[in-house]
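Q: File name final33.txt; file contents compact mmCIF, C-alpha atoms; full text below.
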```txt
# COMPACT_ATOMS: atom_id res chain seq x y z
CA MET A 642 12.55 58.89 -40.71
CA SER A 643 10.19 56.42 -39.03
CA GLU A 644 10.28 56.07 -35.25
CA LYS A 645 11.36 52.78 -33.73
CA ILE A 646 8.70 51.79 -31.21
CA PHE A 647 9.67 48.19 -30.41
CA LYS A 648 13.16 47.12 -29.43
CA ARG A 649 15.12 44.77 -27.24
CA PRO A 650 14.87 45.74 -23.55
CA GLU A 651 18.19 47.17 -22.42
CA ILE A 652 18.20 44.72 -19.51
CA LEU A 653 18.44 41.80 -21.94
CA LYS A 654 22.06 41.23 -22.94
CA ASP A 655 22.94 40.90 -26.60
CA ALA A 656 23.21 37.12 -26.31
CA ILE A 657 21.50 34.35 -28.25
CA PHE A 658 19.10 32.30 -26.13
CA HIS A 659 20.01 28.62 -25.82
CA TYR A 660 16.36 27.59 -25.54
CA CYS A 661 14.68 25.26 -28.04
CA PRO A 662 12.49 26.74 -30.80
CA GLY A 663 9.00 27.38 -29.46
CA CYS A 664 10.05 27.26 -25.81
CA GLY A 665 8.26 29.75 -23.58
CA HIS A 666 11.36 30.76 -21.62
CA SER A 667 12.48 33.22 -24.29
CA ILE A 668 9.16 35.08 -24.14
CA ILE A 669 9.12 35.06 -20.35
CA HIS A 670 12.69 36.37 -20.18
CA ARG A 671 11.71 39.30 -22.35
CA LEU A 672 8.64 40.01 -20.22
CA VAL A 673 10.68 39.99 -17.02
CA ALA A 674 13.21 42.35 -18.59
CA GLU A 675 10.46 44.69 -19.80
CA VAL A 676 8.84 44.77 -16.38
CA ILE A 677 12.08 45.52 -14.54
CA GLU A 678 12.89 48.25 -17.04
CA GLU A 679 9.43 49.84 -16.96
CA LEU A 680 9.36 49.82 -13.16
CA ASP A 681 12.85 51.41 -13.16
CA ILE A 682 14.24 48.91 -10.66
CA LYS A 683 17.22 47.55 -12.60
CA ASP A 684 19.86 48.80 -10.18
CA LYS A 685 18.23 47.20 -7.14
CA THR A 686 16.86 43.94 -8.58
CA ILE A 687 18.46 40.57 -7.85
CA GLY A 688 17.38 37.42 -9.68
CA VAL A 689 17.84 33.86 -8.42
CA PRO A 690 17.85 31.32 -11.28
CA PRO A 691 17.54 27.57 -10.72
CA ALA A 692 19.07 24.36 -11.88
CA GLY A 693 17.09 23.48 -14.99
CA CYS A 694 16.49 24.91 -18.45
CA ALA A 695 16.94 28.45 -17.13
CA VAL A 696 20.18 27.69 -15.30
CA LEU A 697 22.00 30.10 -17.64
CA ALA A 698 19.58 32.99 -17.09
CA TYR A 699 22.45 35.11 -15.79
CA ASN A 700 23.83 35.08 -19.34
CA TYR A 701 20.78 37.01 -20.52
CA PHE A 702 19.82 39.51 -17.81
CA ASP A 703 21.99 42.55 -17.18
CA ILE A 704 21.18 42.62 -13.47
CA ASP A 705 22.67 41.01 -10.39
CA MET A 706 21.99 37.25 -10.32
CA ALA A 707 22.73 34.65 -7.64
CA GLU A 708 22.60 31.04 -8.79
CA ALA A 709 20.87 28.64 -6.39
CA ALA A 710 21.34 24.93 -5.92
CA HIS A 711 18.54 22.78 -7.33
CA GLY A 712 15.30 23.62 -5.52
CA ARG A 713 16.80 26.11 -3.10
CA ALA A 714 16.01 29.36 -4.90
CA ALA A 715 13.31 30.47 -2.45
CA SER A 716 15.69 29.99 0.48
CA VAL A 717 18.51 31.84 -1.29
CA ALA A 718 16.12 34.65 -2.19
CA THR A 719 14.91 34.81 1.42
CA GLY A 720 18.47 35.22 2.67
CA ILE A 721 19.24 37.94 0.14
CA LYS A 722 16.04 39.84 0.92
CA ARG A 723 16.54 39.69 4.68
CA VAL A 724 20.11 40.97 4.41
CA LEU A 725 19.25 43.53 1.72
CA PRO A 726 15.59 44.45 2.35
CA ASP A 727 15.74 47.42 -0.02
CA ARG A 728 16.42 45.12 -3.02
CA ILE A 729 13.75 43.61 -5.27
CA VAL A 730 14.41 39.86 -5.26
CA PHE A 731 12.82 37.30 -7.54
CA THR A 732 13.31 33.61 -8.25
CA TYR A 733 12.93 32.12 -11.72
CA GLN A 734 12.16 28.40 -11.50
CA GLY A 735 10.79 25.50 -13.50
CA ASP A 736 8.16 23.10 -12.20
CA GLY A 737 10.68 20.41 -11.27
CA ASP A 738 12.79 22.91 -9.37
CA VAL A 739 9.98 24.72 -7.53
CA ALA A 740 7.50 21.85 -7.04
CA ALA A 741 9.67 18.73 -6.60
CA ILE A 742 13.08 19.11 -5.00
CA GLY A 743 12.13 22.64 -3.92
CA THR A 744 8.66 21.90 -2.56
CA ALA A 745 9.58 22.44 1.09
CA GLU A 746 11.52 25.63 0.43
CA THR A 747 8.75 27.10 -1.69
CA ILE A 748 5.89 26.23 0.64
CA HIS A 749 7.61 27.43 3.81
CA THR A 750 8.85 30.62 2.14
CA GLY A 751 5.30 31.37 1.05
CA ASN A 752 3.85 30.41 4.41
CA ARG A 753 6.20 32.83 6.16
CA GLY A 754 5.10 35.56 3.77
CA GLU A 755 8.63 36.43 2.73
CA ASN A 756 8.64 39.63 0.67
CA ILE A 757 9.94 38.09 -2.55
CA THR A 758 8.50 37.24 -5.97
CA VAL A 759 8.54 33.70 -7.38
CA ILE A 760 8.25 33.19 -11.14
CA PHE A 761 7.16 29.58 -11.66
CA VAL A 762 7.48 28.30 -15.25
CA ASN A 763 5.32 25.19 -15.63
CA ASN A 764 5.90 23.05 -18.73
CA GLY A 765 4.84 19.78 -17.14
CA VAL A 766 8.15 17.90 -17.57
CA TYR A 767 11.79 18.00 -16.57
CA GLY A 768 12.93 19.93 -19.64
CA MET A 769 16.71 20.13 -19.29
CA THR A 770 17.33 16.47 -18.44
CA GLY A 771 15.25 14.91 -21.20
CA GLY A 772 11.55 15.16 -20.49
CA GLN A 773 11.03 12.93 -17.46
CA MET A 774 7.78 13.03 -15.48
CA ALA A 775 7.52 16.08 -13.23
CA PRO A 776 5.11 16.80 -10.36
CA THR A 777 2.99 18.76 -12.84
CA THR A 778 2.89 16.12 -15.60
CA LEU A 779 -0.76 15.52 -16.48
CA SER A 780 -2.52 12.22 -15.93
CA GLY A 781 -2.11 10.19 -19.12
CA GLN A 782 0.67 12.45 -20.40
CA ALA A 783 3.62 10.61 -21.89
CA SER A 784 7.13 11.38 -20.72
CA THR A 785 10.45 9.59 -20.96
CA THR A 786 9.79 7.91 -17.60
CA THR A 787 6.06 7.36 -18.26
CA PRO A 788 6.01 6.35 -21.96
CA GLY A 789 2.52 4.90 -21.50
CA GLY A 790 1.27 8.03 -19.77
CA ARG A 791 1.20 9.15 -16.15
CA SER A 792 -0.93 6.84 -14.03
CA PRO A 793 -2.57 8.43 -10.95
CA ALA A 794 -2.71 5.01 -9.27
CA ARG A 795 1.03 4.52 -9.70
CA ASP A 796 2.40 8.06 -9.90
CA GLY A 797 -0.17 10.21 -8.11
CA SER A 798 -2.08 13.09 -9.67
CA PRO A 799 -0.52 16.32 -10.95
CA LEU A 800 0.55 18.61 -8.12
CA ASP A 801 -1.10 22.04 -8.06
CA LEU A 802 1.50 23.96 -6.07
CA SER A 803 -0.16 27.34 -6.56
CA GLU A 804 -3.44 26.14 -5.05
CA MET A 805 -1.52 24.49 -2.20
CA LEU A 806 0.26 27.74 -1.42
CA ALA A 807 -2.96 29.73 -1.56
CA ILE A 808 -4.34 27.81 1.43
CA SER A 809 -1.75 29.27 3.81
CA ASP A 810 -2.02 32.79 5.19
CA GLY A 811 1.42 33.96 4.04
CA PRO A 812 1.08 34.51 0.28
CA VAL A 813 -0.42 37.82 -0.81
CA TYR A 814 -0.84 37.26 -4.54
CA ILE A 815 -0.84 34.14 -6.73
CA GLU A 816 -1.89 34.07 -10.38
CA ARG A 817 -1.60 31.50 -13.16
CA THR A 818 -1.12 32.68 -16.73
CA SER A 819 0.42 31.41 -19.98
CA VAL A 820 2.40 32.63 -23.00
CA THR A 821 0.51 30.88 -25.81
CA SER A 822 -1.00 33.95 -27.50
CA PRO A 823 -0.60 37.73 -27.59
CA ARG A 824 -3.55 38.07 -25.22
CA ASN A 825 -2.07 35.61 -22.73
CA ILE A 826 1.36 37.21 -23.02
CA ARG A 827 -0.13 40.60 -22.14
CA ARG A 828 -1.92 39.02 -19.18
CA THR A 829 1.33 37.46 -18.01
CA LYS A 830 3.14 40.79 -18.18
CA LYS A 831 0.37 42.42 -16.17
CA ALA A 832 0.65 39.70 -13.53
CA LEU A 833 4.43 40.13 -13.32
CA ILE A 834 4.07 43.89 -12.91
CA LYS A 835 1.61 43.38 -10.08
CA ALA A 836 3.82 40.80 -8.37
CA PHE A 837 6.82 43.12 -8.44
CA GLU A 838 4.76 46.10 -7.29
CA ILE A 839 3.48 44.09 -4.32
CA GLN A 840 7.07 43.43 -3.29
CA MET A 841 8.02 47.06 -3.85
CA ALA A 842 5.18 48.04 -1.49
CA ASN A 843 6.50 45.56 1.13
CA LYS A 844 3.24 43.63 1.13
CA GLY A 845 4.76 40.14 1.09
CA PHE A 846 5.02 36.96 -0.95
CA SER A 847 3.80 36.76 -4.54
CA LEU A 848 3.96 34.00 -7.15
CA VAL A 849 3.18 33.99 -10.86
CA GLU A 850 2.81 30.54 -12.40
CA ILE A 851 3.23 30.59 -16.18
CA LEU A 852 2.15 27.65 -18.35
CA SER A 853 4.85 27.33 -20.98
CA PRO A 854 5.10 25.12 -24.09
CA CYS A 855 7.90 22.56 -24.37
CA PRO A 856 7.72 21.38 -28.00
CA THR A 857 10.94 19.35 -27.88
CA ASN A 858 10.04 17.11 -24.96
CA TRP A 859 6.35 17.00 -25.81
CA LYS A 860 7.32 15.97 -29.36
CA MET A 861 5.05 18.59 -30.89
CA THR A 862 5.41 21.54 -33.23
CA PRO A 863 5.47 24.93 -31.48
CA VAL A 864 1.96 25.66 -32.80
CA ASP A 865 0.60 22.33 -31.55
CA ALA A 866 2.35 22.80 -28.20
CA CYS A 867 0.62 26.14 -27.66
CA LYS A 868 -2.70 24.59 -28.65
CA TRP A 869 -2.13 21.75 -26.18
CA VAL A 870 -1.54 24.23 -23.37
CA ASP A 871 -4.76 26.05 -24.26
CA ASP A 872 -6.93 22.99 -24.87
CA THR A 873 -5.58 20.43 -22.40
CA MET A 874 -3.10 21.75 -19.84
CA SER A 875 -5.28 24.73 -18.96
CA ASP A 876 -8.13 22.37 -18.05
CA VAL A 877 -6.00 20.91 -15.26
CA PHE A 878 -4.25 24.17 -14.38
CA PRO A 879 -6.84 26.90 -15.12
CA LEU A 880 -5.62 30.39 -15.92
CA LYS A 881 -6.87 32.64 -13.13
CA VAL A 882 -6.07 34.74 -10.11
CA ILE A 883 -5.79 32.10 -7.41
CA LYS A 884 -5.28 34.46 -4.47
CA ASP A 885 -5.16 38.20 -4.09
CA LYS A 886 -5.24 40.02 -0.78
CA SER A 887 -3.06 42.88 -1.96
CA GLY A 888 -5.89 45.36 -2.25
CA GLU A 889 -4.48 46.34 -5.66
CA LYS A 890 -6.41 46.12 -8.93
```
Taking this structure as input, can you express it in the form of structure tokens?
A:
Amino acid sequence: MSEKIFKRPEILKDAIFHYCPGCGHSIIHRLVAEVIEELDIKDKTIGVPPAGCAVLAYNYFDIDMAEAAHGRAASVATGIKRVLPDRIVFTYQGDGDVAAIGTAETIHTGNRGENITVIFVNNGVYGMTGGQMAPTTLSGQASTTTPGGRSPARDGSPLDLSEMLAISDGPVYIERTSVTSPRNIRRTKKALIKAFEIQMANKGFSLVEILSPCPTNWKMTPVDACKWVDDTMSDVFPLKVIKDKSGEK
């Protein structure tokens, strides 16, 4: 009998994802589940999902979850971590949640160096509500509220929240990755492992930004959406370690 070497992580519930075909959330959910399982922290991990496409994340993860109001995940996570410092607490947020309505919460949480992990899924639009312009929408990129493309003169330039956070002393580790290829998926998993391990070692605030395709709102095929992330989005938001003062390799 052949040995089964690849299976669903036990932390992922036997539930069908509601995400659109080609959406990166499904991949990222699996990676988060794998990391929690491999680090053997299931029983002490608490996730804080947002308002947005991942609002139903608690339907998929077999761990404790505490839903946050739109943009407030970092503050909710801070409260949980301060009351229960032995828990591993992470937020799971889209770009509209973390970098628009949640800008203040995210920046001040990072600046204080709170010992939590932020998972920032950047698809450049408001996915759940129909593809409106987000803080991370690229210049010239069409959206339902910028059908002629984002204009820097009218709308400002794309907001690079990760670089903004890196300026302050509080954050320990910030990396930007993507999920557009097996190589990039492996890199994302490695970044998530490091972010969780930094929290487990009580070293402080970490954030992993993940560029994620949104074929439905971009009006592309899944293949073309991944190519657009690699060829266009990554030029504006380069994949790299933005900050690392953890001392860990």
Q: Could you give me, as JSON, numbers by chain, the residues that have an atom at most 9 Å away from the point (-4.7, 7.8, -19.0) in the coordinates of the file, using all atoms listed in the file?
A: {"A": [780, 781, 782, 789, 790, 791, 792, 793]}
Q: Take the residues just selected and output them with C-alpha atoms as a PDB file, keeping the file's coordinate frame.
A:
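This is the output file result_31.pdb:
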```pdb
ATOM      1  CA  SER A 780      -2.520  12.220 -15.930  1.00  0.00           C
ATOM      2  CA  GLY A 781      -2.110  10.190 -19.120  1.00  0.00           C
ATOM      3  CA  GLN A 782       0.670  12.450 -20.400  1.00  0.00           C
ATOM      4  CA  GLY A 789       2.520   4.900 -21.500  1.00  0.00           C
ATOM      5  CA  GLY A 790       1.270   8.030 -19.770  1.00  0.00           C
ATOM      6  CA  ARG A 791       1.200   9.150 -16.150  1.00  0.00           C
ATOM      7  CA  SER A 792      -0.930   6.840 -14.030  1.00  0.00           C
ATOM      8  CA  PRO A 793      -2.570   8.430 -10.950  1.00  0.00           C
TER       9      PRO A 793
END
```
Q: With distances taken over only C-alpha atoms, which of A:Lys654, A:Ser822, A:Lys685, A:Ala692 is nearest to Pro863 (chain A)?
A: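 When distances to Pro863 (chain A) are compared using only C-alpha atoms, the smallest one comes from A:Ser822.
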Q: Figure out the distance between CA of Tyr814 (chain A) and CA of Glu838 (chain A), please, to one decimal in Å.
A: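 CA of Tyr814 (chain A) lies 10.8 Å from CA of Glu838 (chain A).
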Q: For region 732-739 of chain A, work out the shell of residues within 6 Å, counting all atoms listed in the file and skipping chain neighbours fewer than 6 positions away, then give it as a PyMOL selection string.
A: chain A and resi 688-691+712+759-763+767+775
Q: What are the nearest atom pairs, with distances in Å to one decimal, for all residues of region 716-748 of chain A that come at most 10 Å from region 794-812 of chain A, using all atoms listed in the file, set out by chain and rising residue number as CSV?
A:
```
residue,atom,partner,partner_atom,distance
A:Asp736,CA,A:Leu802,CA,9.1
A:Val739,CA,A:Leu802,CA,8.6
A:Ala740,CA,A:Leu802,CA,6.4
A:Ala741,CA,A:Leu800,CA,9.2
A:Thr744,CA,A:Leu802,CA,8.2
A:Thr747,CA,A:Leu806,CA,8.5
A:Ile748,CA,A:Leu806,CA,6.2
```
Q: Keeping C-alpha atoms, export the residues of the selection given above as a short mmCIF file (atom, residue, chain, number, x, y, z; two decimals), in the coordinates of the input.
A:
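Result written to again_27.cif:
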```cif
data_model
loop_
_atom_site.label_atom_id
_atom_site.label_comp_id
_atom_site.auth_asym_id
_atom_site.auth_seq_id
_atom_site.Cartn_x
_atom_site.Cartn_y
_atom_site.Cartn_z
CA ASP A 736 8.16 23.10 -12.20
CA VAL A 739 9.98 24.72 -7.53
CA ALA A 740 7.50 21.85 -7.04
CA ALA A 741 9.67 18.73 -6.60
CA THR A 744 8.66 21.90 -2.56
CA THR A 747 8.75 27.10 -1.69
CA ILE A 748 5.89 26.23 0.64
#
```
Q: Please provide as a list in words all residues within 8 Å of Arg713 (chain A), with the sequence filter that same-chain residues fewer than 2 positions apart are discarded (counting only C-alpha atoms).
A: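 The filter keeps Pro691, Ala709, Ala710, His711, Ala715, Ser716, Val717, Gly743 and Glu746 of chain A.
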Q: Ranking A:Ile757, A:Val870, A:Cys664, A:Ile682 by minimum distance to Asn843 (chain A) and counting all atoms listed in the file, which one comes first?
A: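 Closest residue, counting all atoms listed in the file: A:Ile757.
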Q: Which residue is closest to Thr686 (chain A)? Choose from A:Asp872, A:Asp703, A:Glu816, A:Glu644 and count only C-alpha atoms.
A: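 Distance minimum relative to Thr686 (chain A) lands on A:Asp703.
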Q: At what distance in Å, to one decimal, does CA of Asp684 (chain A) lie from CA of Arg817 (chain A)?
A: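 Distance between the two atoms: 27.7 Å.
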Q: To one decimal place in Å, what is the distance between CA of Ile721 (chain A) and CA of Ala707 (chain A)?
A: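 Result for CA of Ile721 (chain A) versus CA of Ala707 (chain A): 9.1 Å, one decimal.
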Q: Applying 10 Å and all atoms listed in the file, which residues near Ala656 (chain A) remain after dropping the ones on its own chain fewer than 6 positions away? List them as JSON, numbers by chain.
A: {"A": [700, 701, 702]}
Q: From the list A:Pro726, A:Gly772, A:Gly845, A:Gly765, which residue is nearest Gly751 (chain A) when using only C-alpha atoms?
A: A:Gly845
Q: Which residue out of A:Ser819, A:Asn858, A:Ser853, A:Gln840 has the minimum interatomic distance to His666 (chain A) when all atoms listed in the file are used?
A: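 Result for the nearest residue to His666 (chain A): A:Ser853.
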Q: Point out the residue among A:Thr818, A:Thr786, A:Met769, A:Glu708 with the least atom-to-atom distance to Phe878 (chain A), counting only C-alpha atoms.
A: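 For Phe878 (chain A), the nearest of the given residues is A:Thr818.
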Q: Extending 4 Å beyond the listed atoms of region 832-840 of chain A on each side, what axis-aligned box results? I want centre and edge lengths in Å to one decimal, as lines of an AutoDock Vina configuration file.
A:
```
center_x = 3.9
center_y = 42.9
center_z = -8.4
size_x = 14.4
size_y = 14.4
size_z = 18.2
```
Q: Please return as a count of residues only every residue within 12 Å of (0.2, 40.6, -14.9), taking into account all atoms listed in the file and the file's own coordinates.
A: 38
